[in-house]
Each structure stands twice: as structure tokens, then as C-alpha cells.
$ cat start00.txt   # compact mmCIF, C-alpha atoms
# COMPACT_ATOMS: atom_id res chain seq x y z
CA MET R 1 -3.87 5.35 -23.94
CA LYS R 2 -1.68 4.32 -20.98
CA GLN R 3 0.23 1.08 -20.43
CA ILE R 4 1.57 -0.55 -17.29
CA TYR R 5 3.89 -3.52 -17.24
CA PHE R 6 4.00 -5.18 -13.85
CA ILE R 7 7.24 -7.11 -13.50
CA ARG R 8 7.86 -9.40 -10.59
CA HIS R 9 11.50 -9.16 -9.49
CA ALA R 10 13.86 -11.85 -10.77
CA LYS R 11 14.67 -14.94 -8.70
CA SER R 12 16.43 -14.08 -5.45
CA ASP R 13 19.16 -15.82 -3.52
CA TRP R 14 18.13 -17.51 -0.27
CA SER R 15 21.57 -19.00 0.50
CA ASN R 16 22.17 -16.66 3.47
CA PRO R 17 19.31 -17.10 5.97
CA GLN R 18 20.82 -14.35 8.16
CA LEU R 19 20.33 -11.74 5.45
CA ASN R 20 17.55 -9.19 5.89
CA ASP R 21 14.73 -9.76 3.36
CA HIS R 22 15.18 -6.28 1.90
CA GLU R 23 18.86 -7.02 1.18
CA ARG R 24 18.51 -10.37 -0.64
CA PRO R 25 20.32 -10.28 -4.01
CA LEU R 26 19.44 -12.09 -7.22
CA ASN R 27 20.64 -15.63 -7.73
CA LYS R 28 22.22 -17.00 -10.94
CA ARG R 29 18.86 -17.80 -12.51
CA GLY R 30 17.61 -14.30 -11.72
CA MET R 31 20.69 -12.78 -13.33
CA LYS R 32 19.89 -14.75 -16.53
CA ASP R 33 16.11 -14.30 -16.55
CA ALA R 34 16.04 -10.51 -16.11
CA PRO R 35 18.07 -9.75 -19.26
CA LEU R 36 16.11 -12.41 -21.16
CA MET R 37 12.77 -10.76 -20.38
CA ALA R 38 14.10 -7.24 -20.91
CA GLU R 39 15.41 -8.23 -24.34
CA ILE R 40 12.13 -9.92 -25.27
CA MET R 41 10.19 -6.79 -24.32
CA GLN R 42 12.65 -4.55 -26.17
CA LYS R 43 12.39 -6.67 -29.33
CA SER R 44 8.60 -6.56 -29.16
CA GLY R 45 8.70 -2.76 -29.34
CA ILE R 46 7.70 -2.02 -25.77
CA SER R 47 9.38 1.17 -24.57
CA PRO R 48 8.80 2.53 -21.07
CA ASP R 49 8.89 6.19 -20.19
CA ALA R 50 9.66 5.26 -16.58
CA ILE R 51 10.75 2.22 -14.59
CA PHE R 52 9.52 2.33 -11.01
CA SER R 53 11.00 -0.22 -8.64
CA SER R 54 10.74 -1.41 -5.09
CA THR R 55 13.84 -0.52 -3.10
CA ALA R 56 14.50 -4.16 -2.19
CA LYS R 57 17.88 -5.20 -3.60
CA ARG R 58 16.40 -8.06 -5.70
CA ALA R 59 13.81 -5.72 -7.25
CA PHE R 60 16.10 -2.76 -7.86
CA THR R 61 18.78 -5.01 -9.38
CA THR R 62 16.08 -6.33 -11.72
CA ALA R 63 15.16 -2.72 -12.55
CA GLU R 64 18.79 -1.84 -13.27
CA ILE R 65 19.04 -4.76 -15.67
CA PHE R 66 15.87 -3.65 -17.49
CA PHE R 67 17.21 -0.09 -17.55
CA ARG R 68 20.21 -1.29 -19.59
CA TYR R 69 17.73 -2.21 -22.33
CA PHE R 70 15.65 0.95 -21.91
CA PRO R 71 18.17 3.71 -21.06
CA LYS R 72 15.85 6.54 -22.11
CA ALA R 73 13.39 5.66 -19.34
CA HIS R 74 13.50 7.36 -15.95
CA LEU R 75 14.62 4.84 -13.31
CA VAL R 76 13.06 5.56 -9.93
CA ALA R 77 13.35 3.68 -6.62
CA VAL R 78 10.02 3.77 -4.76
CA PRO R 79 10.04 2.60 -1.12
CA GLU R 80 6.24 2.12 -1.12
CA LEU R 81 6.54 -0.63 -3.74
CA TYR R 82 8.39 -2.93 -1.30
CA HIS R 83 5.74 -5.56 -0.55
CA ALA R 84 3.00 -3.23 -1.82
CA ASN R 85 -0.51 -4.64 -1.72
CA GLU R 86 -3.13 -4.09 -4.42
CA ILE R 87 -4.43 -0.90 -2.78
CA THR R 88 -0.94 0.64 -2.63
CA LEU R 89 -0.38 -0.33 -6.28
CA GLN R 90 -3.68 1.25 -7.33
CA ASP R 91 -2.82 4.44 -5.43
CA PHE R 92 0.66 4.54 -6.96
CA ILE R 93 -0.78 4.23 -10.47
CA THR R 94 -3.40 6.94 -9.99
CA TYR R 95 -0.76 9.37 -8.71
CA THR R 96 1.67 8.69 -11.57
CA ASP R 97 2.68 11.77 -13.55
CA ASN R 98 0.70 12.00 -16.80
CA LYS R 99 3.87 12.74 -18.77
CA TYR R 100 4.49 8.96 -18.60
CA ASN R 101 2.36 6.90 -20.99
CA THR R 102 4.11 3.56 -20.54
CA ILE R 103 5.48 2.51 -17.17
CA PHE R 104 7.17 -0.54 -15.71
CA ILE R 105 6.47 -1.35 -12.06
CA ILE R 106 8.95 -3.83 -10.61
CA ALA R 107 7.66 -5.19 -7.35
CA HIS R 108 6.68 -8.32 -5.41
CA ASN R 109 4.08 -11.00 -4.91
CA PRO R 110 1.57 -11.39 -3.41
CA GLY R 111 0.65 -7.76 -4.17
CA LEU R 112 1.15 -8.01 -7.94
CA ASN R 113 -0.77 -11.27 -8.09
CA PHE R 114 -3.67 -9.88 -6.06
CA PHE R 115 -3.85 -6.77 -8.23
CA CYS R 116 -3.89 -8.73 -11.48
CA SER R 117 -6.40 -11.27 -10.17
CA PHE R 118 -9.15 -8.62 -10.50
CA TYR R 119 -8.90 -9.02 -14.30
CA PRO R 120 -11.12 -11.81 -15.66
CA GLU R 121 -8.57 -12.64 -18.36
CA PHE R 122 -5.69 -13.08 -15.87
CA SER R 123 -4.74 -16.72 -16.34
CA LEU R 124 -1.71 -17.30 -14.10
CA PRO R 125 -2.20 -18.89 -10.68
CA ASN R 126 0.97 -17.09 -9.58
CA ILE R 127 3.13 -14.55 -11.41
CA PRO R 128 6.53 -16.24 -11.67
CA THR R 129 9.76 -14.44 -10.91
CA THR R 130 10.58 -12.05 -13.78
CA GLY R 131 7.03 -12.57 -15.01
CA VAL R 132 5.49 -9.64 -16.89
CA ILE R 133 1.84 -8.66 -16.92
CA GLY R 134 1.01 -5.88 -19.38
CA ILE R 135 -2.10 -3.77 -18.89
CA GLU R 136 -3.48 -1.24 -21.34
CA ALA R 137 -5.85 1.46 -20.12
CA ASP R 138 -8.10 3.47 -22.40
CA ILE R 139 -7.47 6.70 -20.49
CA ASP R 140 -5.56 9.95 -20.90
CA ASN R 141 -4.92 10.55 -17.19
CA TRP R 142 -3.60 8.10 -14.63
CA THR R 143 -6.13 9.43 -12.10
CA ASP R 144 -8.81 7.73 -14.23
CA PHE R 145 -7.16 4.31 -14.05
CA ASN R 146 -9.45 1.45 -13.11
CA ILE R 147 -10.04 -2.14 -14.14
CA LYS R 148 -13.18 -1.26 -16.13
CA LYS R 149 -11.13 0.98 -18.42
CA SER R 150 -8.21 -1.43 -18.85
CA ARG R 151 -7.34 -4.94 -19.95
CA ILE R 152 -4.45 -7.36 -19.84
CA ILE R 153 -2.46 -7.30 -23.07
CA LEU R 154 0.50 -9.47 -22.07
CA GLU R 155 1.29 -12.38 -19.80
CA ASP R 156 4.88 -13.54 -20.22
CA TYR R 157 7.58 -15.19 -18.14
CA PRO R 158 11.00 -16.78 -18.65
CA LYS R 159 9.96 -20.45 -18.80
CA LYS R 160 7.85 -19.68 -21.89
CA HIS R 161 11.13 -19.03 -23.69
CA LYS R 162 13.23 -21.99 -22.53
$ encode --input "start00.txt" --output "C-alpha cells"
Amino acid sequence: MKQIYFIRHAKSDWSNPQLNDHERPLNKRGMKDAPLMAEIMQKSGISPDAIFSSTAKRAFTTAEIFFRYFPKAHLVAVPELYHANEITLQDFITYTDNKYNTIFIIAHNPGLNFFCSFYPEFSLPNIPTTGVIGIEADIDNWTDFNIKKSRIILEDYPKKHK
């Protein structure tokens, strides 16, 4: 059994319009929501073997916050996850090392939303910032990952807890 938790990066700061998109930091709400969701996941017994993150500042800062709650996980910056589409996400998953059974992928919309929309049980019109979509796959090897062998097991986001 393999599990993936797609996490959309926390809310970013748009106050500096001159700033390159890749360099946008988290805003105050993002800095509150990321620890909230990490703590909720930790308390529910979810424990990643690896946290893979886009290299965008807002995503990697989110990953670093989650890493504080899951320090035994491997934290890896992955340039391909910056604005990855559903095909890139699928490829990334199928090439994941089999030593990891539970992974977090911290990335961006619209790619995460498009990927999850292939699941009939996906109920969100848009994954909110710091939203988490958990997927469980009845497989032993990531190369066998596909929607027919997996299902959504979690849809969560900060406003559910406020």
C-alpha cells in the first residue's frame, strides 16, 4: 500500500508586484495555516517517509514548516514540481523510489486540481491554499500507480478547522 498527500502551498504574499513569481513568500495567513495543517496531519497519525516540494519559495517554506512536524522524513526540493501539470505529477509519482511508502507532494494549482479531478470522489471545485488531498494506492511499486488502483482518502483544508 502506498499513500500520497498532495498539499497545495500555503497562502502567498502578493504585496510586492515586482517580485518574481518563484520568489513570492508566504503571507501571515500562510504562516498560520501551514503549521495548523501539519499539526492536524501529525495528530491523525499520518507520517511521511519523504516530503517533496516545488522549489518556489512559497512551496518550499510550506514544506519546511511541515518538516518541523515530520523531522524523520526526507525533505527534497524538486524543480519539476514548480507549476507541474497532471502529466508531470503522474510521471513524478511513478518514478518515486519504492523505499517511500507515504509521500507528501507540495506543489501548485492548477496542476494539483487537474490531477485530483480524475477521481470521481474528488469534491472540491478548487484545492484551497494549504489544502491536503490524500490518495491511497493498492500497489507495492510506484511504477504501478494509476487512478484505477487508488482512491481519495482525505480532503482537508484550513477553513474546515476555523
$ closest_residue --input "start00.txt" --among "R:Ile7, R:Met1, R:Ile65, R:Ile87" --to "Ile133 in chain R" --atoms "all atoms listed in the file"
R:Ile7
$ atom_distance --input "start00.txt" --atom1 "CA of Gln42 in chain R" --atom2 "CA of Ser54 in chain R"
21.4 Å
$ closest_residue --input "start00.txt" --among "R:Lys149, R:Lys72, R:Arg8, R:Lys159" --to "Asn109 in chain R" --atoms "only C-alpha atoms"
R:Arg8
$ residues_around --input "start00.txt" --residues "Asn101 in chain R" --least-positions-apart "6" --cutoff "8 Å" --atoms "only C-alpha atoms" --output "ChimeraX atom specification"
/R:1-3,48-49
$ residues_near_point --input "start00.txt" --point "(-9.7, -5.3, -9.9)" --cutoff "12 Å" --atoms "only C-alpha atoms" --output "compact mmCIF listing (two decimals) with C-alpha atoms, in the coordinates of the input"
# COMPACT_ATOMS: atom_id res chain seq x y z
CA GLU R 86 -3.13 -4.09 -4.42
CA ILE R 87 -4.43 -0.90 -2.78
CA LEU R 89 -0.38 -0.33 -6.28
CA GLN R 90 -3.68 1.25 -7.33
CA LEU R 112 1.15 -8.01 -7.94
CA ASN R 113 -0.77 -11.27 -8.09
CA PHE R 114 -3.67 -9.88 -6.06
CA PHE R 115 -3.85 -6.77 -8.23
CA CYS R 116 -3.89 -8.73 -11.48
CA SER R 117 -6.40 -11.27 -10.17
CA PHE R 118 -9.15 -8.62 -10.50
CA TYR R 119 -8.90 -9.02 -14.30
CA PRO R 120 -11.12 -11.81 -15.66
CA GLU R 121 -8.57 -12.64 -18.36
CA PHE R 122 -5.69 -13.08 -15.87
CA ILE R 135 -2.10 -3.77 -18.89
CA PHE R 145 -7.16 4.31 -14.05
CA ASN R 146 -9.45 1.45 -13.11
CA ILE R 147 -10.04 -2.14 -14.14
CA LYS R 148 -13.18 -1.26 -16.13
CA LYS R 149 -11.13 0.98 -18.42
CA SER R 150 -8.21 -1.43 -18.85
CA ARG R 151 -7.34 -4.94 -19.95
CA ILE R 152 -4.45 -7.36 -19.84
$ atom_distance --input "start00.txt" --atom1 "CA of Ala38 in chain R" --atom2 "CA of Thr61 in chain R"
12.6 Å
$ residues_around --input "start00.txt" --residues "Ala56 in chain R" --least-positions-apart "3" --cutoff "9 Å" --atoms "all atoms listed in the file" --output "VMD selection string"
chain R and resid 21 to 25 53 59 to 61 79 81 to 82 107
$ write_last_selection --input "start00.txt" --atoms "C-alpha atoms" --output "short mmCIF file (atom, residue, chain, number, x, y, z; two decimals), in the coordinates of the input"
data_model
loop_
_atom_site.label_atom_id
_atom_site.label_comp_id
_atom_site.auth_asym_id
_atom_site.auth_seq_id
_atom_site.Cartn_x
_atom_site.Cartn_y
_atom_site.Cartn_z
CA ASP R 21 14.73 -9.76 3.36
CA HIS R 22 15.18 -6.28 1.90
CA GLU R 23 18.86 -7.02 1.18
CA ARG R 24 18.51 -10.37 -0.64
CA PRO R 25 20.32 -10.28 -4.01
CA SER R 53 11.00 -0.22 -8.64
CA ALA R 59 13.81 -5.72 -7.25
CA PHE R 60 16.10 -2.76 -7.86
CA THR R 61 18.78 -5.01 -9.38
CA PRO R 79 10.04 2.60 -1.12
CA LEU R 81 6.54 -0.63 -3.74
CA TYR R 82 8.39 -2.93 -1.30
CA ALA R 107 7.66 -5.19 -7.35
#
$ closest_residue --input "start00.txt" --among "R:Asp91, R:Ile105, R:Pro17, R:Thr96" --to "Leu75 in chain R" --atoms "all atoms listed in the file"
R:Ile105
$ closest_residue --input "start00.txt" --among "R:His108, R:Lys99, R:Thr62, R:Phe6" --to "Ala84 in chain R" --atoms "all atoms listed in the file"
R:His108
$ residues_around --input "start00.txt" --residues "Gly134 in chain R" --least-positions-apart "4" --cutoff "7 Å" --atoms "only C-alpha atoms" --output "VMD selection string"
chain R and resid 4 to 6 152 to 155
$ atom_distance --input "start00.txt" --atom1 "CA of Lys162 in chain R" --atom2 "CA of Ser44 in chain R"
17.4 Å
$ closest_residue --input "start00.txt" --among "R:Ser47, R:Thr143, R:Asn16, R:Thr130" --to "Lys32 in chain R" --atoms "all atoms listed in the file"
R:Thr130
$ closest_residue --input "start00.txt" --among "R:Asn27, R:Asn141, R:Thr94, R:Asn126" --to "Pro110 in chain R" --atoms "only C-alpha atoms"
R:Asn126
